[in-house]
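Q: Sharing query20.cif (mmCIF, N, CA and C atoms and all ligand atoms) below.
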data_coords
#
loop_
_atom_site.label_atom_id
_atom_site.label_comp_id
_atom_site.auth_asym_id
_atom_site.auth_seq_id
_atom_site.Cartn_x
_atom_site.Cartn_y
_atom_site.Cartn_z
N MET A 1 -7.40 -4.77 33.86
CA MET A 1 -8.26 -3.60 33.60
C MET A 1 -7.44 -2.43 33.06
N PHE A 2 -6.28 -2.16 33.74
CA PHE A 2 -5.43 -1.08 33.26
C PHE A 2 -4.94 -1.37 31.84
N SER A 3 -4.57 -2.62 31.57
CA SER A 3 -4.07 -2.98 30.25
C SER A 3 -5.14 -2.75 29.18
N ARG A 4 -6.36 -3.10 29.50
CA ARG A 4 -7.45 -2.92 28.53
C ARG A 4 -7.66 -1.44 28.23
N LEU A 5 -7.62 -0.61 29.26
CA LEU A 5 -7.74 0.84 29.06
C LEU A 5 -6.58 1.38 28.24
N PHE A 6 -5.40 0.87 28.53
CA PHE A 6 -4.21 1.31 27.80
C PHE A 6 -4.34 0.97 26.30
N VAL A 7 -4.79 -0.24 26.01
CA VAL A 7 -4.94 -0.65 24.60
C VAL A 7 -5.99 0.22 23.91
N SER A 8 -7.09 0.50 24.60
CA SER A 8 -8.13 1.34 24.02
C SER A 8 -7.60 2.74 23.73
N LEU A 9 -6.85 3.29 24.67
CA LEU A 9 -6.28 4.63 24.48
C LEU A 9 -5.28 4.63 23.33
N ASN A 10 -4.44 3.60 23.29
CA ASN A 10 -3.48 3.48 22.19
C ASN A 10 -4.20 3.44 20.85
N ASN A 11 -5.27 2.64 20.78
CA ASN A 11 -5.99 2.52 19.51
C ASN A 11 -6.59 3.85 19.10
N LEU A 12 -7.12 4.58 20.06
CA LEU A 12 -7.69 5.89 19.76
C LEU A 12 -6.61 6.83 19.21
N LEU A 13 -5.48 6.88 19.88
CA LEU A 13 -4.39 7.77 19.45
C LEU A 13 -3.84 7.34 18.09
N THR A 14 -3.73 6.03 17.88
CA THR A 14 -3.22 5.53 16.59
C THR A 14 -4.18 5.92 15.46
N ARG A 15 -5.46 5.79 15.72
CA ARG A 15 -6.43 6.17 14.68
C ARG A 15 -6.39 7.67 14.42
N LEU A 16 -6.15 8.46 15.48
CA LEU A 16 -6.06 9.91 15.29
C LEU A 16 -4.83 10.28 14.46
N ARG A 17 -3.79 9.45 14.50
CA ARG A 17 -2.60 9.71 13.70
C ARG A 17 -2.86 9.46 12.21
N ARG A 18 -3.95 8.80 11.91
CA ARG A 18 -4.34 8.50 10.53
C ARG A 18 -3.21 7.83 9.76
N ILE A 19 -2.64 6.81 10.37
CA ILE A 19 -1.57 6.05 9.72
C ILE A 19 -2.15 5.26 8.56
N LYS A 20 -1.55 5.41 7.38
CA LYS A 20 -1.99 4.65 6.21
C LYS A 20 -0.75 4.09 5.52
N VAL A 21 -0.69 2.79 5.38
CA VAL A 21 0.47 2.17 4.76
C VAL A 21 0.01 1.25 3.63
N SER A 22 1.00 0.83 2.82
CA SER A 22 0.71 -0.12 1.75
C SER A 22 0.61 -1.52 2.33
N PRO A 23 -0.09 -2.43 1.65
CA PRO A 23 -0.24 -3.79 2.19
C PRO A 23 1.09 -4.47 2.51
N GLU A 24 2.12 -4.24 1.70
CA GLU A 24 3.40 -4.90 1.94
C GLU A 24 4.11 -4.38 3.19
N ASN A 25 3.59 -3.28 3.75
CA ASN A 25 4.20 -2.71 4.96
C ASN A 25 3.36 -2.95 6.22
N LEU A 26 2.28 -3.71 6.09
CA LEU A 26 1.40 -3.95 7.23
C LEU A 26 1.51 -5.41 7.70
N LEU A 27 1.72 -5.58 8.98
CA LEU A 27 1.83 -6.91 9.58
C LEU A 27 0.62 -7.19 10.46
N LEU A 28 -0.02 -8.31 10.23
CA LEU A 28 -1.05 -8.83 11.13
C LEU A 28 -0.37 -9.88 12.00
N LEU A 29 -0.27 -9.58 13.29
CA LEU A 29 0.50 -10.40 14.21
C LEU A 29 -0.43 -11.10 15.19
N VAL A 30 -0.33 -12.42 15.27
CA VAL A 30 -1.26 -13.18 16.11
C VAL A 30 -0.49 -14.16 16.99
N PRO A 31 -1.09 -14.60 18.10
CA PRO A 31 -0.41 -15.55 18.98
C PRO A 31 -0.69 -17.00 18.60
N ARG A 32 0.22 -17.88 19.00
CA ARG A 32 0.08 -19.30 18.66
C ARG A 32 -1.13 -19.96 19.31
N CYS A 33 -1.61 -19.38 20.42
CA CYS A 33 -2.74 -20.01 21.10
C CYS A 33 -4.02 -19.94 20.28
N LEU A 34 -3.94 -19.27 19.12
CA LEU A 34 -5.10 -19.24 18.23
C LEU A 34 -5.29 -20.58 17.51
N GLN A 35 -4.17 -21.29 17.31
CA GLN A 35 -4.27 -22.59 16.62
C GLN A 35 -4.92 -23.62 17.53
N ARG A 36 -5.85 -24.36 16.99
CA ARG A 36 -6.59 -25.35 17.79
C ARG A 36 -5.63 -26.38 18.38
N THR A 37 -5.77 -26.63 19.69
CA THR A 37 -4.99 -27.68 20.34
C THR A 37 -5.29 -29.02 19.67
N GLY A 38 -4.26 -29.73 19.30
CA GLY A 38 -4.47 -31.02 18.64
C GLY A 38 -4.39 -30.95 17.14
N CYS A 39 -4.36 -29.73 16.60
CA CYS A 39 -4.19 -29.61 15.15
C CYS A 39 -2.84 -30.19 14.76
N ALA A 40 -2.84 -31.04 13.72
CA ALA A 40 -1.61 -31.73 13.34
C ALA A 40 -0.69 -30.87 12.50
N GLN A 41 -1.18 -29.73 12.03
CA GLN A 41 -0.35 -28.90 11.16
C GLN A 41 0.71 -28.16 11.98
N THR A 42 1.90 -28.10 11.46
CA THR A 42 2.98 -27.34 12.09
C THR A 42 3.04 -25.98 11.41
N LEU A 43 2.62 -24.98 12.15
CA LEU A 43 2.59 -23.64 11.57
C LEU A 43 3.83 -22.88 12.02
N GLY A 44 4.59 -22.42 11.07
CA GLY A 44 5.78 -21.64 11.39
C GLY A 44 5.47 -20.17 11.43
N GLU A 45 6.48 -19.38 11.11
CA GLU A 45 6.32 -17.92 11.11
C GLU A 45 5.17 -17.50 10.22
N ILE A 46 5.12 -18.09 9.02
CA ILE A 46 3.97 -17.85 8.17
C ILE A 46 3.03 -19.04 8.34
N ILE A 47 1.79 -18.83 8.03
CA ILE A 47 0.79 -19.83 8.42
C ILE A 47 0.28 -20.61 7.22
N ASP A 48 1.12 -20.70 6.18
CA ASP A 48 0.67 -21.33 4.94
C ASP A 48 0.38 -22.81 5.06
N ASP A 49 0.94 -23.48 6.07
CA ASP A 49 0.70 -24.92 6.18
C ASP A 49 -0.65 -25.25 6.82
N CYS A 50 -1.40 -24.23 7.21
CA CYS A 50 -2.77 -24.45 7.67
C CYS A 50 -3.62 -24.94 6.51
N ASN A 51 -4.45 -25.93 6.77
CA ASN A 51 -5.32 -26.48 5.73
C ASN A 51 -6.64 -25.73 5.59
N ALA A 52 -6.78 -24.67 6.37
CA ALA A 52 -8.01 -23.87 6.36
C ALA A 52 -9.23 -24.76 6.56
N CYS A 53 -9.18 -25.64 7.57
CA CYS A 53 -10.28 -26.58 7.80
C CYS A 53 -11.46 -25.92 8.50
N GLY A 54 -11.26 -24.71 9.02
CA GLY A 54 -12.36 -23.99 9.66
C GLY A 54 -12.56 -24.30 11.13
N GLN A 55 -11.69 -25.14 11.70
CA GLN A 55 -11.86 -25.51 13.12
C GLN A 55 -11.23 -24.52 14.09
N CYS A 56 -10.49 -23.56 13.56
CA CYS A 56 -9.98 -22.49 14.43
C CYS A 56 -9.82 -21.22 13.61
N GLY A 57 -9.43 -20.15 14.30
CA GLY A 57 -9.40 -18.83 13.66
C GLY A 57 -8.32 -18.65 12.62
N VAL A 58 -7.42 -19.61 12.49
CA VAL A 58 -6.37 -19.46 11.48
C VAL A 58 -6.99 -19.42 10.07
N THR A 59 -8.08 -20.12 9.88
CA THR A 59 -8.78 -20.05 8.59
C THR A 59 -9.15 -18.61 8.25
N ASP A 60 -9.69 -17.88 9.24
CA ASP A 60 -10.07 -16.48 9.01
C ASP A 60 -8.84 -15.61 8.76
N LEU A 61 -7.76 -15.90 9.48
CA LEU A 61 -6.53 -15.11 9.28
C LEU A 61 -6.02 -15.25 7.86
N LEU A 62 -6.00 -16.48 7.36
CA LEU A 62 -5.55 -16.70 5.98
C LEU A 62 -6.41 -15.90 5.01
N ALA A 63 -7.71 -15.93 5.24
CA ALA A 63 -8.62 -15.21 4.34
C ALA A 63 -8.36 -13.71 4.39
N ILE A 64 -8.15 -13.17 5.59
CA ILE A 64 -7.89 -11.73 5.73
C ILE A 64 -6.54 -11.37 5.11
N ARG A 65 -5.53 -12.19 5.39
CA ARG A 65 -4.20 -11.94 4.80
C ARG A 65 -4.29 -11.88 3.28
N ASP A 66 -4.97 -12.86 2.69
CA ASP A 66 -5.02 -12.93 1.23
C ASP A 66 -5.97 -11.89 0.64
N GLU A 67 -7.00 -11.54 1.37
CA GLU A 67 -7.93 -10.51 0.88
C GLU A 67 -7.23 -9.17 0.71
N PHE A 68 -6.34 -8.83 1.67
CA PHE A 68 -5.70 -7.52 1.64
C PHE A 68 -4.26 -7.56 1.12
N GLY A 69 -3.68 -8.73 0.99
CA GLY A 69 -2.30 -8.84 0.52
C GLY A 69 -1.28 -8.38 1.55
N ILE A 70 -1.60 -8.54 2.82
CA ILE A 70 -0.72 -8.09 3.90
C ILE A 70 0.13 -9.27 4.40
N HIS A 71 1.06 -8.98 5.31
CA HIS A 71 1.82 -10.04 5.97
C HIS A 71 1.02 -10.53 7.17
N CYS A 72 1.19 -11.79 7.48
CA CYS A 72 0.59 -12.34 8.70
C CYS A 72 1.58 -13.29 9.34
N SER A 73 1.92 -13.06 10.59
CA SER A 73 2.85 -13.93 11.30
C SER A 73 2.25 -14.38 12.62
N MET A 74 2.63 -15.58 13.00
CA MET A 74 2.16 -16.15 14.26
C MET A 74 3.35 -16.26 15.20
N ALA A 75 3.25 -15.64 16.36
CA ALA A 75 4.39 -15.59 17.27
C ALA A 75 4.14 -16.45 18.50
N ALA A 76 5.20 -17.13 18.96
CA ALA A 76 5.10 -17.97 20.15
C ALA A 76 5.25 -17.15 21.42
N GLY A 77 5.77 -15.96 21.31
CA GLY A 77 5.95 -15.13 22.51
C GLY A 77 6.42 -13.75 22.13
N GLY A 78 6.66 -12.94 23.17
CA GLY A 78 7.01 -11.55 22.93
C GLY A 78 8.29 -11.36 22.15
N ARG A 79 9.29 -12.19 22.42
CA ARG A 79 10.58 -12.04 21.73
C ARG A 79 10.42 -12.28 20.23
N GLU A 80 9.69 -13.33 19.89
CA GLU A 80 9.48 -13.64 18.48
C GLU A 80 8.63 -12.55 17.81
N ALA A 81 7.64 -12.06 18.53
CA ALA A 81 6.79 -10.99 17.98
C ALA A 81 7.62 -9.74 17.68
N LEU A 82 8.53 -9.41 18.60
CA LEU A 82 9.38 -8.23 18.39
C LEU A 82 10.23 -8.39 17.14
N ALA A 83 10.75 -9.59 16.92
CA ALA A 83 11.59 -9.83 15.74
C ALA A 83 10.78 -9.60 14.46
N PHE A 84 9.54 -10.03 14.44
CA PHE A 84 8.70 -9.83 13.25
C PHE A 84 8.45 -8.34 13.01
N VAL A 85 8.17 -7.63 14.09
CA VAL A 85 7.84 -6.20 13.97
C VAL A 85 9.06 -5.40 13.52
N ARG A 86 10.25 -5.86 13.88
CA ARG A 86 11.47 -5.10 13.56
C ARG A 86 11.95 -5.34 12.14
N ASP A 87 11.25 -6.15 11.39
CA ASP A 87 11.58 -6.29 9.97
C ASP A 87 11.46 -4.91 9.31
N PRO A 88 12.50 -4.46 8.58
CA PRO A 88 12.49 -3.09 8.04
C PRO A 88 11.29 -2.77 7.14
N LYS A 89 10.71 -3.77 6.53
CA LYS A 89 9.59 -3.46 5.63
C LYS A 89 8.28 -3.19 6.40
N ILE A 90 8.24 -3.53 7.68
CA ILE A 90 7.01 -3.34 8.45
C ILE A 90 6.93 -1.90 8.98
N LYS A 91 5.83 -1.22 8.65
CA LYS A 91 5.63 0.17 9.07
C LYS A 91 4.43 0.34 10.01
N ALA A 92 3.60 -0.66 10.10
CA ALA A 92 2.43 -0.60 10.98
C ALA A 92 1.98 -2.03 11.28
N VAL A 93 1.29 -2.18 12.42
CA VAL A 93 0.93 -3.52 12.90
C VAL A 93 -0.52 -3.54 13.37
N VAL A 94 -1.22 -4.61 13.01
CA VAL A 94 -2.48 -4.95 13.68
C VAL A 94 -2.16 -6.20 14.50
N ALA A 95 -2.29 -6.10 15.81
CA ALA A 95 -1.92 -7.20 16.69
C ALA A 95 -3.14 -7.77 17.39
N VAL A 96 -3.22 -9.09 17.42
CA VAL A 96 -4.29 -9.78 18.15
C VAL A 96 -3.66 -10.50 19.33
N ALA A 97 -4.19 -10.30 20.52
CA ALA A 97 -3.65 -10.97 21.71
C ALA A 97 -4.55 -10.63 22.89
N CYS A 98 -4.18 -11.14 24.06
CA CYS A 98 -4.87 -10.74 25.29
C CYS A 98 -4.44 -9.33 25.67
N GLU A 99 -5.17 -8.70 26.57
CA GLU A 99 -4.91 -7.29 26.88
C GLU A 99 -3.51 -7.07 27.45
N LYS A 100 -3.04 -8.02 28.26
CA LYS A 100 -1.72 -7.86 28.87
C LYS A 100 -0.62 -7.93 27.81
N GLU A 101 -0.70 -8.91 26.92
CA GLU A 101 0.31 -9.05 25.87
C GLU A 101 0.27 -7.86 24.92
N LEU A 102 -0.94 -7.39 24.63
CA LEU A 102 -1.05 -6.24 23.73
C LEU A 102 -0.40 -5.01 24.34
N ALA A 103 -0.71 -4.75 25.61
CA ALA A 103 -0.16 -3.56 26.27
C ALA A 103 1.37 -3.62 26.30
N GLN A 104 1.91 -4.78 26.65
CA GLN A 104 3.37 -4.93 26.69
C GLN A 104 3.98 -4.76 25.30
N GLY A 105 3.33 -5.34 24.30
CA GLY A 105 3.86 -5.26 22.94
C GLY A 105 3.82 -3.85 22.39
N ILE A 106 2.73 -3.14 22.65
CA ILE A 106 2.61 -1.76 22.17
C ILE A 106 3.72 -0.90 22.76
N LEU A 107 3.99 -1.07 24.05
CA LEU A 107 5.07 -0.31 24.69
C LEU A 107 6.43 -0.70 24.12
N ALA A 108 6.61 -1.99 23.86
CA ALA A 108 7.92 -2.47 23.42
C ALA A 108 8.30 -1.95 22.04
N VAL A 109 7.31 -1.72 21.18
CA VAL A 109 7.63 -1.33 19.79
C VAL A 109 7.38 0.16 19.53
N PHE A 110 6.99 0.91 20.57
CA PHE A 110 6.74 2.35 20.39
C PHE A 110 7.95 3.00 19.72
N PRO A 111 7.82 3.90 18.74
CA PRO A 111 6.59 4.53 18.26
C PRO A 111 5.93 3.86 17.04
N MET A 112 6.25 2.58 16.80
CA MET A 112 5.58 1.87 15.71
C MET A 112 4.06 1.92 15.93
N PRO A 113 3.29 2.34 14.92
CA PRO A 113 1.84 2.36 15.10
C PRO A 113 1.26 0.94 15.17
N VAL A 114 0.50 0.71 16.22
CA VAL A 114 -0.10 -0.62 16.44
C VAL A 114 -1.58 -0.43 16.78
N LEU A 115 -2.42 -1.17 16.10
CA LEU A 115 -3.82 -1.28 16.51
C LEU A 115 -3.98 -2.65 17.17
N GLY A 116 -4.45 -2.65 18.41
CA GLY A 116 -4.61 -3.90 19.14
C GLY A 116 -6.05 -4.39 19.08
N VAL A 117 -6.21 -5.69 18.82
CA VAL A 117 -7.53 -6.33 18.82
C VAL A 117 -7.50 -7.43 19.87
N LEU A 118 -8.38 -7.34 20.84
CA LEU A 118 -8.41 -8.35 21.91
C LEU A 118 -8.89 -9.69 21.39
N ASN A 119 -8.22 -10.75 21.81
CA ASN A 119 -8.71 -12.07 21.44
C ASN A 119 -9.89 -12.48 22.35
N ILE A 120 -10.49 -13.61 22.03
CA ILE A 120 -11.65 -14.11 22.78
C ILE A 120 -11.17 -15.37 23.50
N GLN A 121 -11.43 -15.42 24.81
CA GLN A 121 -10.85 -16.51 25.60
C GLN A 121 -11.94 -17.36 26.24
N THR A 122 -12.74 -18.00 25.41
CA THR A 122 -13.82 -18.83 25.96
C THR A 122 -13.27 -20.10 26.61
N ASN A 123 -12.03 -20.48 26.29
CA ASN A 123 -11.41 -21.68 26.88
C ASN A 123 -10.33 -21.32 27.89
N GLY A 124 -10.35 -20.08 28.38
CA GLY A 124 -9.31 -19.63 29.29
C GLY A 124 -8.14 -19.06 28.50
N PRO A 125 -7.19 -18.46 29.21
CA PRO A 125 -6.07 -17.82 28.53
C PRO A 125 -5.12 -18.84 27.88
N CYS A 126 -4.55 -18.45 26.76
CA CYS A 126 -3.45 -19.21 26.13
C CYS A 126 -3.88 -20.57 25.60
N ARG A 127 -5.14 -20.78 25.36
CA ARG A 127 -5.58 -22.09 24.86
C ARG A 127 -6.81 -21.92 23.98
N ASN A 128 -6.66 -22.34 22.74
CA ASN A 128 -7.79 -22.30 21.80
C ASN A 128 -8.48 -20.92 21.82
N THR A 129 -7.69 -19.87 21.78
CA THR A 129 -8.28 -18.54 21.74
C THR A 129 -8.90 -18.30 20.36
N GLN A 130 -9.73 -17.29 20.29
CA GLN A 130 -10.46 -17.03 19.04
C GLN A 130 -10.35 -15.56 18.68
N ILE A 131 -10.74 -15.25 17.44
CA ILE A 131 -10.76 -13.86 17.00
C ILE A 131 -12.15 -13.52 16.49
N ASN A 132 -12.43 -12.23 16.51
CA ASN A 132 -13.60 -11.72 15.80
C ASN A 132 -13.09 -11.22 14.45
N PRO A 133 -13.31 -11.99 13.38
CA PRO A 133 -12.73 -11.61 12.09
C PRO A 133 -13.21 -10.23 11.60
N ASP A 134 -14.40 -9.84 11.97
CA ASP A 134 -14.89 -8.52 11.53
C ASP A 134 -14.06 -7.40 12.16
N LEU A 135 -13.71 -7.55 13.45
CA LEU A 135 -12.89 -6.53 14.11
C LEU A 135 -11.49 -6.49 13.52
N VAL A 136 -10.94 -7.66 13.23
CA VAL A 136 -9.59 -7.71 12.64
C VAL A 136 -9.61 -7.07 11.25
N ARG A 137 -10.60 -7.43 10.48
CA ARG A 137 -10.71 -6.89 9.11
C ARG A 137 -10.84 -5.36 9.14
N GLU A 138 -11.65 -4.85 10.06
CA GLU A 138 -11.84 -3.40 10.15
C GLU A 138 -10.54 -2.70 10.54
N ALA A 139 -9.80 -3.31 11.47
CA ALA A 139 -8.52 -2.70 11.90
C ALA A 139 -7.54 -2.68 10.74
N VAL A 140 -7.47 -3.78 10.01
CA VAL A 140 -6.56 -3.84 8.85
C VAL A 140 -6.95 -2.78 7.82
N ARG A 141 -8.22 -2.74 7.51
CA ARG A 141 -8.69 -1.80 6.48
C ARG A 141 -8.37 -0.36 6.89
N SER A 142 -8.50 -0.04 8.17
CA SER A 142 -8.30 1.33 8.63
C SER A 142 -6.85 1.79 8.52
N MET A 143 -5.92 0.83 8.39
CA MET A 143 -4.50 1.22 8.32
C MET A 143 -3.94 1.15 6.91
N LEU A 144 -4.79 0.78 5.95
CA LEU A 144 -4.30 0.67 4.57
C LEU A 144 -4.66 1.90 3.76
N LYS A 145 -3.73 2.24 2.84
CA LYS A 145 -4.03 3.31 1.90
C LYS A 145 -5.19 2.91 1.03
N ASP A 146 -5.97 3.90 0.59
CA ASP A 146 -7.11 3.61 -0.30
C ASP A 146 -6.61 3.15 -1.66
S1 LIG B 201 -7.83 -23.97 10.60
FE1 LIG B 201 -7.65 -26.21 10.87
S2 LIG B 201 -5.68 -26.78 9.86
FE2 LIG B 201 -5.66 -24.55 10.19
S3 LIG B 201 -4.62 -24.31 12.16
FE3 LIG B 201 -6.84 -24.35 12.60
S4 LIG B 201 -7.30 -26.51 13.07
FE4 LIG B 201 -5.26 -26.45 12.07
#
Written as structure tokens, how would this file's structure read?
Ligand code: SF4
A:
Amino acid sequence: MFSRLFVSLNNLLTRLRRIKVSPENLLLLVPRCLQRTGCAQTLGEIIDDCNACGQCGVTDLLAIRDEFGIHCSMAAGGREALAFVRDPKIKAVVAVACEKELAQGILAVFPMPVLGVLNIQTNGPCRNTQINPDLVREAVRSMLKD
């Protein structure tokens, strides 16, 4: 509960900062649990080896990444996520995760501007999680220069 409130407050403050970056400076960061269990594709840091079959949210991520020309990385854990965020070209982040991971990640990369989008856990935590592509798209759009 505290983590969810923290993420909401962070998002409000980040939006008030009116951060606007170019697509090449924006990272969409997502967790590996978004990939469907049993999918035969091996997705590395970038998710290009996804076949966009539509059976999990990675299809939507690819579409959003290519629609806006932003970076998109899939992290196995906090350490890997931090490494992606610390790339010098990254100036702002839209992160998708559970509330606890989001809260920890936002604190870890402060003062990097981060908009957090909660994932959907209809199958329980850390397994076949889902995204609301409309929320992700809106968060990305809000951080990009016109
Ligand atoms: S969209 Fe299909 S190919 Fe891509 S990661 Fe999900 S299940 Fe695998």
Q: Using Å and a single decimal, report how far atom N of Ile19 (chain A) sits from atom C of Val58 (chain A).
A: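 Pair atom C of Val58 (chain A) / atom N of Ile19 (chain A) returns 26.6 Å.
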Q: Measuring between all atoms listed in the file, which one of A:Ile47, A:Met1, A:Val30, A:Val109 shows the shortest distance to ligand LIG 201 (chain B)?
A: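 Ranked by minimum distance to ligand LIG 201 (chain B), first place goes to A:Ile47.
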Q: Please provide as a list in words all residues within 6.5 Å of Met143 (chain A), with the sequence filter that same-chain residues fewer than 5 positions apart are discarded (counting only N, CA and C atoms).
A: Ile19, Lys20, Val21, Ser22 and Glu138 of chain A
Q: Determine, using all atoms listed in the file, which residues of chain A have any atom at most 8 Å from an atom of ligand LIG 201 (chain B), and tabulate each with its shortest atom pair and distance in Å to one decimal place, rows ordered by chain and then rising number, as CSV.
A:
residue,atom,partner,partner_atom,distance
A:Leu34,C,B:LIG201,FE3,6.4
A:Gln35,CA,B:LIG201,S3,4.8
A:Arg36,N,B:LIG201,FE3,4.5
A:Thr37,N,B:LIG201,S4,6.8
A:Gly38,C,B:LIG201,S4,6.7
A:Cys39,CA,B:LIG201,FE4,4.5
A:Ala40,N,B:LIG201,FE4,5.4
A:Gln41,N,B:LIG201,FE4,5.2
A:Thr42,N,B:LIG201,FE4,7.4
A:Leu43,CA,B:LIG201,S3,7.3
A:Ile47,C,B:LIG201,FE2,7.7
A:Asp49,C,B:LIG201,S2,6.1
A:Cys50,CA,B:LIG201,FE2,3.8
A:Asn51,N,B:LIG201,S2,3.4
A:Ala52,N,B:LIG201,FE2,4.0
A:Cys53,N,B:LIG201,FE1,3.7
A:Gly54,N,B:LIG201,S1,3.8
A:Gln55,N,B:LIG201,S1,4.2
A:Cys56,N,B:LIG201,FE3,3.9
A:Gly57,N,B:LIG201,FE3,5.2
A:Val58,C,B:LIG201,S1,4.7
A:Thr59,N,B:LIG201,S1,3.9
A:Asp60,N,B:LIG201,S1,6.5
Q: As an exercise, work out the distance from atom N of Ala97 (chain A) to atom C of Lys145 (chain A) in Å and give it to one decimal place.
A: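 Straight-line distance from atom N of Ala97 (chain A) to atom C of Lys145 (chain A) works out to 23.6 Å.
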Q: Every residue with an atom at most 7 Å from (-8.4, -15.0, 19.6) (file coordinates; only C-alpha atoms) is what I'm after, so could you write them as a ChimeraX atom specification?
A: /A:34,96-97,119-121,129-131
Q: Neighbouring residues of region 77-90 of chain A were defined as those with any atom within 7 Å, considering only C-alpha atoms; residues of the same chain fewer than 2 positions away were excluded. Please report them as a list in words.
A: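 Contacts, in chain order: Asn25, Leu26, Leu27, Ala75 and Ala92 of chain A.
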Q: Taking only N, CA and C atoms into account, name the residue in A:Leu61, A:Asn10, A:Met74, A:Arg15 that is nearest to Leu29 (chain A).
A: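 Using only N, CA and C atoms, Leu29 (chain A) sits closest to A:Met74.
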Q: Among region 27-90 of chain A, which residues does DSSP mark as helix (DSSP H, G or I) when it is run on the backbone? Keep the chain and numbering as in the structure and answer as a list in words.
A: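 The helix (DSSP H, G or I) residues within region 27-90 of chain A come out as Arg32, Cys33, Leu34, Val58, Thr59, Asp60, Leu61, Leu62, Ala63, Ile64, Arg65, Asp66, Glu67, Phe68, Gly78, Arg79, Glu80, Ala81, Leu82, Ala83, Phe84 and Val85 of chain A.
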Q: Quick one: pull the distance between atom N of Ala103 (chain A) and atom N of Leu12 (chain A), Å, one decimal.
A: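 One can read the atom N of Ala103 (chain A) to atom N of Leu12 (chain A) distance as 12.6 Å.
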Q: Report as a PyMOL selection string: the residues of region 20-91 of chain A with a DSSP assignment of strand (DSSP E or B), based on the backbone of this structure.
A: chain A and resi 21+26-31+71-75
Q: Could you pull the residues within 10 Å of Ile106 (chain A), counting only C-alpha atoms, minus those fewer than 3 positions along the same chain, as a ChimeraX atom specification?
A: /A:6-7,10-11,93,95,101-103,109-116
Q: Since we have the selection now, will you write its residues out, keeping N, CA and C atoms, as an mmCIF file, in the frame of the given file?
A:
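Result saved to part28.cif:
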data_model
loop_
_atom_site.group_PDB
_atom_site.id
_atom_site.type_symbol
_atom_site.label_atom_id
_atom_site.label_comp_id
_atom_site.auth_asym_id
_atom_site.auth_seq_id
_atom_site.Cartn_x
_atom_site.Cartn_y
_atom_site.Cartn_z
ATOM 1 N N PHE A 6 -5.400 0.870 28.530
ATOM 2 C CA PHE A 6 -4.210 1.310 27.800
ATOM 3 C C PHE A 6 -4.340 0.970 26.300
ATOM 4 N N VAL A 7 -4.790 -0.240 26.010
ATOM 5 C CA VAL A 7 -4.940 -0.650 24.600
ATOM 6 C C VAL A 7 -5.990 0.220 23.910
ATOM 7 N N ASN A 10 -4.440 3.600 23.290
ATOM 8 C CA ASN A 10 -3.480 3.480 22.190
ATOM 9 C C ASN A 10 -4.200 3.440 20.850
ATOM 10 N N ASN A 11 -5.270 2.640 20.780
ATOM 11 C CA ASN A 11 -5.990 2.520 19.510
ATOM 12 C C ASN A 11 -6.590 3.850 19.100
ATOM 13 N N VAL A 93 1.290 -2.180 12.420
ATOM 14 C CA VAL A 93 0.930 -3.520 12.900
ATOM 15 C C VAL A 93 -0.520 -3.540 13.370
ATOM 16 N N ALA A 95 -2.290 -6.100 15.810
ATOM 17 C CA ALA A 95 -1.920 -7.200 16.690
ATOM 18 C C ALA A 95 -3.140 -7.770 17.390
ATOM 19 N N GLU A 101 -0.700 -8.910 26.920
ATOM 20 C CA GLU A 101 0.310 -9.050 25.870
ATOM 21 C C GLU A 101 0.270 -7.860 24.920
ATOM 22 N N LEU A 102 -0.940 -7.390 24.630
ATOM 23 C CA LEU A 102 -1.050 -6.240 23.730
ATOM 24 C C LEU A 102 -0.400 -5.010 24.340
ATOM 25 N N ALA A 103 -0.710 -4.750 25.610
ATOM 26 C CA ALA A 103 -0.160 -3.560 26.270
ATOM 27 C C ALA A 103 1.370 -3.620 26.300
ATOM 28 N N VAL A 109 7.310 -1.720 21.180
ATOM 29 C CA VAL A 109 7.630 -1.330 19.790
ATOM 30 C C VAL A 109 7.380 0.160 19.530
ATOM 31 N N PHE A 110 6.990 0.910 20.570
ATOM 32 C CA PHE A 110 6.740 2.350 20.390
ATOM 33 C C PHE A 110 7.950 3.000 19.720
ATOM 34 N N PRO A 111 7.820 3.900 18.740
ATOM 35 C CA PRO A 111 6.590 4.530 18.260
ATOM 36 C C PRO A 111 5.930 3.860 17.040
ATOM 37 N N MET A 112 6.250 2.580 16.800
ATOM 38 C CA MET A 112 5.580 1.870 15.710
ATOM 39 C C MET A 112 4.060 1.920 15.930
ATOM 40 N N PRO A 113 3.290 2.340 14.920
ATOM 41 C CA PRO A 113 1.840 2.360 15.100
ATOM 42 C C PRO A 113 1.260 0.940 15.170
ATOM 43 N N VAL A 114 0.500 0.710 16.220
ATOM 44 C CA VAL A 114 -0.100 -0.620 16.440
ATOM 45 C C VAL A 114 -1.580 -0.430 16.780
ATOM 46 N N LEU A 115 -2.420 -1.170 16.100
ATOM 47 C CA LEU A 115 -3.820 -1.280 16.510
ATOM 48 C C LEU A 115 -3.980 -2.650 17.170
ATOM 49 N N GLY A 116 -4.450 -2.650 18.410
ATOM 50 C CA GLY A 116 -4.610 -3.900 19.140
ATOM 51 C C GLY A 116 -6.050 -4.390 19.080
#
Q: Taking all atoms of region 40-56 of chain A that the file lists and extending 5 Å past them on each side, where is the centre of the axis-aligned box and how long are its edges? Answer in Å to one decimal, as AutoDock Vina command-line options.
A:
--center_x -3.0 --center_y -24.6 --center_z 9.7 --size_x 29.0 --size_y 24.2 --size_z 19.5
Q: Which residue, A:Arg17, A:Ser3, A:Ser142, A:Val136, has the smallest gap to Ile64 (chain A) when you use only N, CA and C atoms?
A: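 Nearest candidate to Ile64 (chain A) out of A:Arg17, A:Ser3, A:Ser142, A:Val136: A:Val136.
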Q: Between A:Ala76, A:Cys126, A:Leu118, A:Ile70, single out the one closest to Glu24 (chain A), counting only N, CA and C atoms.
A: A:Ile70
